[in-house]
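The structure under discussion appears below in the form of structure tokens.
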Amino acid sequence: MKKHLERFMDAGDVFAGFKTLFQGVQILFVAFGALVLVPLLTGLDPGVALCTAGIGTLIFQAATGMKVPIFLASSFAFVPAITYGVAAWGVPGTLCGLAASGLLYVALSFVVRVFGSGVVTRLFPPVVVGPVICVIGLSLAPSAVGMALGRSGGLQVVPAETALFIAGVSLLATLLAFLFGRSWIGLVPILVGIAAGYAVSAALGVVDYAGIAGAAWFSVPAFVFPAWNPAAVLFIVPVAIAPAIEHFGDILAIGSVTGKDYLKDPGIHRTMLGDGIATLAASFVGGPPNTTYSEVTGAVTLTRAYSPVIMTVAAVFAIVFAFVGKIGAGLQSIPPPVMGGVMVLLFGLIAGLGIKHLVVHQVDLGVQKNAVILSLVLVTGIGGLCIPIGEFELAGVGLAAIIGVVLNLLIPEPAGPGAR
């Protein structure tokens with residue numbers, strides 16, 4: 001990392017330096033909408049999320065020798081678990097479970113280093129990962145609809161008719177940017193939707209500016225430290241299975257863009273180690289788990305700017321912005337219907353990614369084993385099945401993931417081609 005930074009600082013080319021700074025800001029802009037959406041949905045502090053995204057990216061670069069042009073930020077896979085955890089145990093207890101998820105990534109990185117990546121894909125095949133991703137998206141559907149109707153915290157904070165209009169504008173703008181956006185617009189549909197919904201909300205007098213006016217320009221984010229909570233560990237750790245597997249796909253995707261094999265150099269074990277340590281670090285100060293961002297891969301594809309230094313610049317700007325109090329206050333002033341309109345599409349797309357995972361890997365649902373795993377994962381995860389274990393409870397996406405893994409290991413493979 002030091003070598004790359006020295007080359008950047010000693011280049012003697014002012015134009016190239018400003019170009020790199022601009023590219024770094026662009027990367028943060030691309031990731032910004034999704035990055036801050038996770039804390040806004042779960043009750044975590046968006047300033048902390050910004051800070052830990054920057055720190056996490058720098059940790060990832062250190063772990064991988066600054067070879068992969070990746071930006072790390074908030075993972076949507078954990079939204080249901082964090083939302084439930086904050087309501088049940090508060091933020092400190094939930095952070096304990098998130099820290100344990102980071103440790104799981106670290107453990108998996110050592111398993112991959114010793115036994116190779118094949119052992120992970122054998123434990124978590126597409127027939128397990130696909131439906132678990134579906135559950136992550138579909139389990140959030142009631143939250144999205146509730147916010148689109150103007151509800152927050154069980155209260156009707158915006159009249160339903162007004163809320164539906166705002167949510168509709170937010171959703172329409174997001175759809176237009178997602179389907180027809182060109183160049184950078186197509187990479188930031190969430191930001192476009194939020195901006196459009198916020199503008200309409202302001203025109204209708206729904207936005208409360210008191211928090212922004214009272215916020216200081218310089219403000220330390222609301223860092224929170226974890227508190228030991230074994231129930232949160234039991235509940236949240238299984239959720240990490242799906243994003244851990246998706247990590248392989250993200251690294252393959254960025255490798256296909258740059259023309260390099262990152263599975264070998266720096267190695268998937270090092271990229272997962274960086275992901276795990278970044279998530280662990282985030283959980284120790286109140287941030288959501290980190291993950292590699294596909295939006296950033298899209299930006300790298302568009303610009304063909306493959307230098308990891310650009311990600312370093314984006315990380316530094318994220319940390320700086322985290323301490324601008326007006327930014328955090330502005331984010332928290334976004335009305336629920338604005339977020340609800342974006343979420344209706346976003347969470348459906350997450351569920352769609354699960355279906356795509358099954359299709360891409362040609363999972364045959366005519367095979368009884370696959371059909372059983374898919375059915376039970378979907379019903380238990382979406383239906384809200386819970387299993388009490390002493391004073392603890394295993395439920396939600398975590399329980400669905402465990403059921404999928406166990407069934408995959410216990411049910412024998414078909415006897416031959418076409419067997420049912």
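Residue numbering restarts at 1 in every chain; chains get A, B, ... in the order shown in the structure tokens, and ligands count up from 1 in that same order.
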> Which parts of segment 330-389 of chain A does DSSP call helix (DSSP H, G or I) when run on the backbone here, written out as a ChimeraX atom specification?
Replying inline: /A:330-332,336-360,368-383
>> I need the residues in segment 118-334 of chain A that are strand (DSSP E) according to DSSP; give them as a ChimeraX atom specification.
In response: /A:151-152,155-156,290-292
For the residues in the current selection, export N, CA, C and O atoms as a PDB file, in the first residue's frame.
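What landed in again-v1.pdb:
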```pdb
ATOM      1  N   ARG A 151     -45.587   4.465   7.656  1.00  0.00           N
ATOM      2  CA  ARG A 151     -45.478   3.977   9.028  1.00  0.00           C
ATOM      3  C   ARG A 151     -44.027   3.861   9.452  1.00  0.00           C
ATOM      4  O   ARG A 151     -43.166   3.505   8.658  1.00  0.00           O
ATOM      5  N   SER A 152     -43.770   4.141  10.707  1.00  0.00           N
ATOM      6  CA  SER A 152     -42.424   4.009  11.261  1.00  0.00           C
ATOM      7  C   SER A 152     -42.530   3.766  12.753  1.00  0.00           C
ATOM      8  O   SER A 152     -43.211   4.517  13.460  1.00  0.00           O
ATOM      9  N   LEU A 155     -46.004   3.550  14.225  1.00  0.00           N
ATOM     10  CA  LEU A 155     -46.831   4.759  14.207  1.00  0.00           C
ATOM     11  C   LEU A 155     -47.043   5.243  12.773  1.00  0.00           C
ATOM     12  O   LEU A 155     -46.189   5.041  11.903  1.00  0.00           O
ATOM     13  N   GLN A 156     -48.193   5.888  12.529  1.00  0.00           N
ATOM     14  CA  GLN A 156     -48.470   6.485  11.230  1.00  0.00           C
ATOM     15  C   GLN A 156     -47.898   7.899  11.236  1.00  0.00           C
ATOM     16  O   GLN A 156     -48.528   8.850  11.679  1.00  0.00           O
ATOM     17  N   ASN A 290     -19.553  -5.290   6.778  1.00  0.00           N
ATOM     18  CA  ASN A 290     -19.068  -4.826   5.477  1.00  0.00           C
ATOM     19  C   ASN A 290     -19.136  -5.929   4.436  1.00  0.00           C
ATOM     20  O   ASN A 290     -19.037  -7.115   4.769  1.00  0.00           O
ATOM     21  N   THR A 291     -19.277  -5.526   3.195  1.00  0.00           N
ATOM     22  CA  THR A 291     -19.252  -6.482   2.100  1.00  0.00           C
ATOM     23  C   THR A 291     -18.748  -5.773   0.845  1.00  0.00           C
ATOM     24  O   THR A 291     -18.773  -4.546   0.767  1.00  0.00           O
ATOM     25  N   THR A 292     -18.288  -6.540  -0.135  1.00  0.00           N
ATOM     26  CA  THR A 292     -17.850  -5.951  -1.399  1.00  0.00           C
ATOM     27  C   THR A 292     -19.072  -5.475  -2.183  1.00  0.00           C
ATOM     28  O   THR A 292     -20.110  -6.135  -2.174  1.00  0.00           O
TER      29      THR A 292
END
```
> If you count only C-alpha atoms, which residues fall within 9 Å of Val128 of chain A, apart from same-chain ones fewer than 5 positions away, as a list in words?
Replying inline: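 What passes the distance filter is Leu123, Ile133, Ala242, Asn370, Ile373, Leu374, Val377, Ala401, Ile403, Gly404, Val405 and Asn408 of chain A.
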>> Report as an NGL selection string all protein, DNA and RNA residues lying within 8 Å of Ser283 of chain A, evaluated on only C-alpha atoms, omitting residues in the same chain fewer than 6 positions from it.
In response: :A and (95-96 or 98-99 or 225-226 or 289)
>> I need the residue nearest Thr258 of chain A from this list: A:Ala81, A:Leu204, A:Ile70, A:Ala49. Use only C-alpha atoms for the distance.
In response: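 Using only C-alpha atoms, Thr258 of chain A sits closest to A:Ile70.
Across A:Gly85, A:Pro69, A:Pro336, A:Gly398, the tightest approach to Ala160 of chain A is made by A:Pro336 when counting only C-alpha atoms.
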> Looking at only C-alpha atoms, which of A:Pro46, A:Pro39, A:Gly186, A:Gly340 is the one that sits closest to Val79 of chain A?
Replying inline: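 Selected residue with least distance to Val79 of chain A: A:Pro39.
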